[in-house]
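Source file: structure-v1.cif; contents: mmCIF, C-alpha atoms and all ligand atoms.
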```cif
data_work
loop_
_atom_site.label_atom_id
_atom_site.label_comp_id
_atom_site.auth_asym_id
_atom_site.auth_seq_id
_atom_site.Cartn_x
_atom_site.Cartn_y
_atom_site.Cartn_z
CA MET A 1 139.21 118.07 34.88
CA LYS A 2 136.33 115.62 35.12
CA HIS A 3 138.67 112.83 33.98
CA ILE A 4 141.21 113.65 36.69
CA HIS A 5 138.45 113.52 39.32
CA ILE A 6 137.26 110.12 38.11
CA VAL A 7 140.83 108.73 38.11
CA MET A 8 141.46 110.06 41.65
CA ILE A 9 138.21 108.58 42.98
CA GLY A 10 139.10 105.26 41.31
CA LEU A 11 142.55 105.26 42.96
CA LEU A 12 140.98 106.10 46.33
CA ILE A 13 138.52 103.18 46.08
CA ALA A 14 141.31 100.81 44.98
CA GLY A 15 143.46 101.95 47.90
CA THR A 16 140.67 101.51 50.45
CA SER A 17 139.79 98.04 49.17
CA CYS A 18 143.48 97.03 49.31
CA GLN A 19 143.69 98.24 52.90
CA ALA A 20 140.51 96.28 53.79
CA GLN A 21 141.99 93.15 52.23
CA GLU A 22 145.20 93.59 54.23
CA GLN A 23 143.17 94.01 57.43
CA LYS A 24 141.19 90.85 56.61
CA GLN A 25 144.44 88.93 56.06
CA GLU A 26 145.82 90.23 59.37
CA GLN A 27 142.62 89.17 61.19
CA ALA A 28 142.79 85.71 59.59
CA GLN A 29 146.40 85.38 60.73
CA ILE A 30 145.50 86.38 64.30
CA GLN A 31 142.61 83.88 64.30
CA GLU A 32 144.94 81.17 63.03
CA GLU A 33 147.47 81.96 65.77
CA ASN A 34 144.72 81.87 68.43
CA CYS A 35 143.56 78.46 67.16
CA GLY A 36 147.11 77.24 67.55
CA ASP A 37 147.21 78.55 71.11
CA GLU A 38 143.93 76.82 71.92
CA LEU A 39 145.60 73.48 71.28
CA MET A 40 147.76 74.20 74.31
CA LEU A 41 144.71 74.62 76.55
CA ALA A 42 142.74 71.95 78.36
CA LYS A 43 139.15 71.20 77.37
CA ASP A 44 137.81 73.45 80.14
CA GLY A 45 139.96 76.33 78.91
CA SER A 46 142.44 76.23 81.79
CA SER A 47 146.15 76.23 81.16
CA VAL A 48 148.22 73.06 81.26
CA SER A 49 150.78 72.72 84.05
CA THR A 50 153.88 70.63 83.72
CA VAL A 51 155.77 68.81 86.45
CA LYS A 52 158.80 66.57 86.34
CA SER A 53 158.30 62.93 87.31
CA ALA A 54 160.82 61.11 89.53
CA SER A 55 162.46 59.72 86.39
CA GLY A 56 162.84 63.22 84.97
CA GLU A 57 160.21 63.00 82.24
CA SER A 58 157.69 65.83 81.94
CA MET A 59 154.06 65.24 82.89
CA SER A 60 151.31 67.74 82.15
CA PHE A 61 148.06 68.21 84.01
CA ALA A 62 145.03 70.26 83.01
CA ILE A 63 144.49 71.53 86.56
CA ASP A 64 147.16 74.06 87.46
CA LYS A 65 147.04 75.23 91.10
CA ASN A 66 149.73 76.14 93.57
CA ASN A 67 149.99 74.70 97.08
CA ASP A 68 148.25 77.68 98.69
CA GLU A 69 145.24 77.22 96.42
CA TRP A 70 145.12 73.48 97.15
CA LYS A 71 145.40 74.14 100.90
CA ASN A 72 142.35 76.39 100.70
CA GLU A 73 140.31 73.71 98.94
CA LEU A 74 141.41 70.49 100.62
CA SER A 75 141.27 69.23 104.20
CA PRO A 76 144.71 68.90 105.86
CA GLU A 77 144.59 65.10 105.39
CA GLU A 78 143.54 65.42 101.73
CA PHE A 79 146.39 67.87 101.15
CA ARG A 80 148.90 65.56 102.87
CA VAL A 81 147.90 62.56 100.74
CA LEU A 82 146.98 64.18 97.39
CA ARG A 83 149.60 66.92 97.20
CA GLU A 84 152.37 65.61 99.48
CA LYS A 85 152.09 61.95 98.48
CA GLY A 86 151.15 60.76 101.95
CA THR A 87 149.44 57.48 102.84
CA GLU A 88 146.41 56.98 105.06
CA VAL A 89 146.74 54.49 107.90
CA ALA A 90 145.86 50.97 106.70
CA TYR A 91 142.37 49.64 107.51
CA THR A 92 141.11 53.11 108.47
CA GLY A 93 139.96 54.56 105.12
CA LYS A 94 136.25 55.22 104.56
CA TYR A 95 136.17 53.15 101.35
CA TYR A 96 138.20 50.18 102.57
CA LYS A 97 135.11 48.17 103.55
CA PHE A 98 132.63 49.72 101.17
CA ASP A 99 130.62 47.97 98.48
CA LYS A 100 128.09 50.42 97.05
CA ASP A 101 127.63 50.70 93.29
CA GLY A 102 128.91 53.91 91.78
CA VAL A 103 131.95 55.85 90.74
CA TYR A 104 134.99 57.08 92.63
CA ARG A 105 136.10 60.56 91.70
CA CYS A 106 139.26 62.45 92.54
CA ALA A 107 138.82 64.26 95.87
CA GLY A 108 140.98 67.04 94.48
CA CYS A 109 139.38 67.81 91.12
CA GLY A 110 136.29 65.60 90.67
CA HIS A 111 137.75 63.63 87.75
CA THR A 112 136.23 60.13 87.51
CA LEU A 113 138.96 57.63 88.40
CA PHE A 114 137.52 54.23 89.34
CA THR A 115 134.17 52.44 89.43
CA SER A 116 132.70 49.90 91.84
CA THR A 117 132.76 47.31 89.02
CA GLU A 118 136.56 46.97 89.28
CA LYS A 119 136.73 47.23 93.09
CA TYR A 120 137.61 44.11 95.05
CA HIS A 121 138.71 43.06 98.52
CA SER A 122 142.48 42.64 98.48
CA GLY A 123 142.90 42.43 102.26
CA SER A 124 145.68 45.05 102.00
CA GLY A 125 143.99 47.64 104.19
CA TRP A 126 143.27 50.09 101.37
CA PRO A 127 140.54 50.23 98.71
CA SER A 128 141.69 48.12 95.78
CA PHE A 129 140.75 48.08 92.11
CA TYR A 130 141.99 45.81 89.34
CA ALA A 131 141.68 48.61 86.76
CA PRO A 132 140.86 52.34 86.52
CA ALA A 133 137.54 53.53 85.05
CA GLU A 134 139.32 54.25 81.75
CA GLU A 135 142.96 53.69 80.92
CA GLU A 136 143.61 57.41 80.56
CA THR A 137 141.95 58.49 83.83
CA VAL A 138 145.13 57.84 85.81
CA VAL A 139 148.83 58.20 85.10
CA THR A 140 151.71 56.34 86.72
CA GLN A 141 155.35 57.02 87.48
CA ARG A 142 158.25 55.19 89.12
CA ASP A 143 158.51 55.91 92.85
CA GLU A 144 161.75 55.16 94.68
CA SER A 145 160.80 56.77 97.99
CA HIS A 146 160.98 55.03 101.40
CA GLY A 147 163.66 52.59 100.20
CA MET A 148 161.24 50.81 97.83
CA VAL A 149 160.72 50.75 94.10
CA ARG A 150 157.01 51.14 93.42
CA VAL A 151 154.74 52.54 90.71
CA GLU A 152 152.84 55.59 91.87
CA VAL A 153 149.30 56.24 90.59
CA MET A 154 148.13 59.81 90.07
CA CYS A 155 144.99 61.54 88.81
CA ALA A 156 145.54 62.31 85.13
CA ASN A 157 143.64 65.59 85.46
CA CYS A 158 145.30 67.25 88.48
CA GLY A 159 148.33 65.08 89.26
CA GLY A 160 146.98 64.30 92.74
CA HIS A 161 148.61 61.30 94.44
CA LEU A 162 146.20 58.37 94.66
CA GLY A 163 148.34 55.41 95.72
CA HIS A 164 150.37 52.69 93.99
CA VAL A 165 149.77 49.88 91.53
CA PHE A 166 151.18 46.36 92.05
CA GLU A 167 151.25 43.27 89.86
CA ASP A 168 149.54 40.94 92.31
CA GLY A 169 145.94 41.68 91.46
CA PRO A 170 143.15 39.41 90.24
CA ARG A 171 142.08 38.65 86.69
CA PRO A 172 141.56 39.99 84.10
CA THR A 173 144.41 42.50 84.53
CA GLY A 174 146.53 40.96 87.29
CA LEU A 175 146.91 44.49 88.71
CA ARG A 176 146.12 45.88 92.15
CA TYR A 177 145.53 49.60 92.30
CA CYS A 178 146.05 50.26 95.99
CA ILE A 179 144.35 53.62 96.54
CA ASN A 180 143.93 55.92 99.53
CA SER A 181 140.28 56.53 100.46
CA VAL A 182 141.25 60.14 101.23
CA SER A 183 142.06 60.70 97.54
CA LEU A 184 138.60 59.52 96.47
CA GLU A 185 135.05 60.82 96.61
CA PHE A 186 132.34 58.25 95.98
CA LYS A 187 129.19 59.03 94.00
CA GLU A 188 126.35 56.54 93.87
CA GLU A 189 125.33 55.29 90.44
CA SER A 190 122.09 57.33 90.46
CA ASP A 191 124.07 60.55 91.07
CA ASN A 192 126.32 60.09 88.07
CA GLU A 193 124.27 62.11 85.62
CA GLU A 194 124.71 65.47 87.33
FE FE A 201 142.36 65.04 90.29
#
```

Let me see whether you can do it: turn the structure in this file into structure tokens.
Ligand code: FE
Amino acid sequence: MKHIHIVMIGLLIAGTSCQAQEQKQEQAQIQEENCGDELMLAKDGSSVSTVKSASGESMSFAIDKNNDEWKNELSPEEFRVLREKGTEVAYTGKYYKFDKDGVYRCAGCGHTLFTSTEKYHSGSGWPSFYAPAEEETVVTQRDESHGMVRVEVMCANCGGHLGHVFEDGPRPTGLRYCINSVSLEFKEESDNEE
């Protein structure tokens, strides 16, 4: 009788340990799947939205908000330019004649886009830069609106419309990023660390 008891207890322990192992494996699998999902998320944990460019290719942006949300956050003019691809009237923008040292962030999402180092006076009527702060801070797409073929410049973080880029800029790039002041928010150099 004693032997039977010992065998039964042994089987029970073996069964429990097997079950625990299975649970551990299941947990590991769930963790692995979650890690995979995290690759689809932006650094700040928000989901990635995807829009189609004029040429049909997909573009993804970390900031995913609908028009109602943007309307609540932006001024009517910011919404018209950033979200509806409008253009501010030439020579009227707050950063057209503006030479302070600092960075220009996206007025929609705060992403750093340009710096005063690359800003220059193009005479076009809009703030002009010969390069973005970093290559990946902006994205571009072909724009065939208004009977012209241009290259649109957008914030790489939220997809907000910034302006257009032309190939008549100064050295070293030969590019002119023609940007609406409305799409930008300037921060002086000393404020950059916040
Ligand atoms: Fe942005």

Closest contacts (chain A/ligand FE 201 (chain A), max 10 Å, all atoms listed in the file) as JSON lines:
```
{"residue": "A:Phe61", "atom": "CA", "partner": "A:FE201", "partner_atom": "FE", "distance": 9.1}
{"residue": "A:Ala62", "atom": "CA", "partner": "A:FE201", "partner_atom": "FE", "distance": 9.3}
{"residue": "A:Ile63", "atom": "CA", "partner": "A:FE201", "partner_atom": "FE", "distance": 7.8}
{"residue": "A:Leu82", "atom": "CA", "partner": "A:FE201", "partner_atom": "FE", "distance": 8.5}
{"residue": "A:Arg105", "atom": "CA", "partner": "A:FE201", "partner_atom": "FE", "distance": 7.8}
{"residue": "A:Cys106", "atom": "CA", "partner": "A:FE201", "partner_atom": "FE", "distance": 4.6}
{"residue": "A:Ala107", "atom": "CA", "partner": "A:FE201", "partner_atom": "FE", "distance": 6.7}
{"residue": "A:Gly108", "atom": "CA", "partner": "A:FE201", "partner_atom": "FE", "distance": 4.8}
{"residue": "A:Cys109", "atom": "CA", "partner": "A:FE201", "partner_atom": "FE", "distance": 4.2}
{"residue": "A:Gly110", "atom": "CA", "partner": "A:FE201", "partner_atom": "FE", "distance": 6.1}
{"residue": "A:His111", "atom": "CA", "partner": "A:FE201", "partner_atom": "FE", "distance": 5.4}
{"residue": "A:Thr112", "atom": "CA", "partner": "A:FE201", "partner_atom": "FE", "distance": 8.3}
{"residue": "A:Leu113", "atom": "CA", "partner": "A:FE201", "partner_atom": "FE", "distance": 8.4}
{"residue": "A:Thr137", "atom": "CA", "partner": "A:FE201", "partner_atom": "FE", "distance": 9.2}
{"residue": "A:Val138", "atom": "CA", "partner": "A:FE201", "partner_atom": "FE", "distance": 8.9}
{"residue": "A:Met154", "atom": "CA", "partner": "A:FE201", "partner_atom": "FE", "distance": 7.8}
{"residue": "A:Cys155", "atom": "CA", "partner": "A:FE201", "partner_atom": "FE", "distance": 4.6}
{"residue": "A:Ala156", "atom": "CA", "partner": "A:FE201", "partner_atom": "FE", "distance": 6.6}
{"residue": "A:Asn157", "atom": "CA", "partner": "A:FE201", "partner_atom": "FE", "distance": 5.0}
{"residue": "A:Cys158", "atom": "CA", "partner": "A:FE201", "partner_atom": "FE", "distance": 4.1}
{"residue": "A:Gly159", "atom": "CA", "partner": "A:FE201", "partner_atom": "FE", "distance": 6.1}
{"residue": "A:Gly160", "atom": "CA", "partner": "A:FE201", "partner_atom": "FE", "distance": 5.3}
{"residue": "A:His161", "atom": "CA", "partner": "A:FE201", "partner_atom": "FE", "distance": 8.4}
{"residue": "A:Leu162", "atom": "CA", "partner": "A:FE201", "partner_atom": "FE", "distance": 8.9}
{"residue": "A:Ser183", "atom": "CA", "partner": "A:FE201", "partner_atom": "FE", "distance": 8.5}
{"residue": "A:Leu184", "atom": "CA", "partner": "A:FE201", "partner_atom": "FE", "distance": 9.1}
```

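What separates atom CA of Asn67 of chain A from atom CA of Thr87 of chain A is a distance of 18.2 Å.
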
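If you measure from each of A:Trp70, A:Gly123, A:Arg150, A:Gly102 to Glu167 of chain A using only C-alpha atoms, the closest one turns out to be A:Arg150.
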
Proximity to Val103 of chain A - best of A:Met59, A:Ala133, A:Val182, A:Val81, all atoms listed in the file: A:Ala133

Atomic distance atom CA of Asp99 of chain A - atom CA of Glu84 of chain A, expressed in Å with one decimal: 28.0 Å

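For the residues A:Glu135, A:Asp101, A:Asp143, A:Glu152, ranking by smallest atom-to-atom distance to Thr173 of chain A using only C-alpha atoms places A:Glu135 first.
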
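Atom CA of Thr140 of chain A is positioned 20.7 Å from atom CA of Ser116 of chain A.
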
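Residue nearest Phe129 of chain A within the list A:Asn72, A:Ser145, A:Thr115, A:Thr92: A:Thr115 [criterion: smallest interatomic distance, all atoms listed in the file].
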
Taking all atoms of segment 155-160 of chain A that the file lists and extending 4 Å past them on each side, where is the centre of the axis-aligned box and how long are its edges? Answer in Å to one decimal, as AutoDock Vina command-line options.
```
--center_x 146.0 --center_y 64.4 --center_z 88.9 --size_x 12.7 --size_y 13.7 --size_z 15.6
```

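With only C-alpha atoms as the atoms that count, the minimum distance from Gly86 of chain A to the choices A:His146, A:Thr117, A:Phe166, A:Glu73 is reached by A:His146.
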
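In this comparison, which uses all atoms listed in the file, the residue of A:His121, A:Pro127, A:Asp68, A:Gly169 approaching Ala90 of chain A most closely is A:Pro127.
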
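Once Asp168 of chain A and its same-chain neighbours fewer than 3 positions away are set aside, Ser122, Tyr130, Val165, Arg171, Thr173, Gly174, Leu175, Arg176 and Tyr177 of chain A remain within 10 Å of it when counting only C-alpha atoms.
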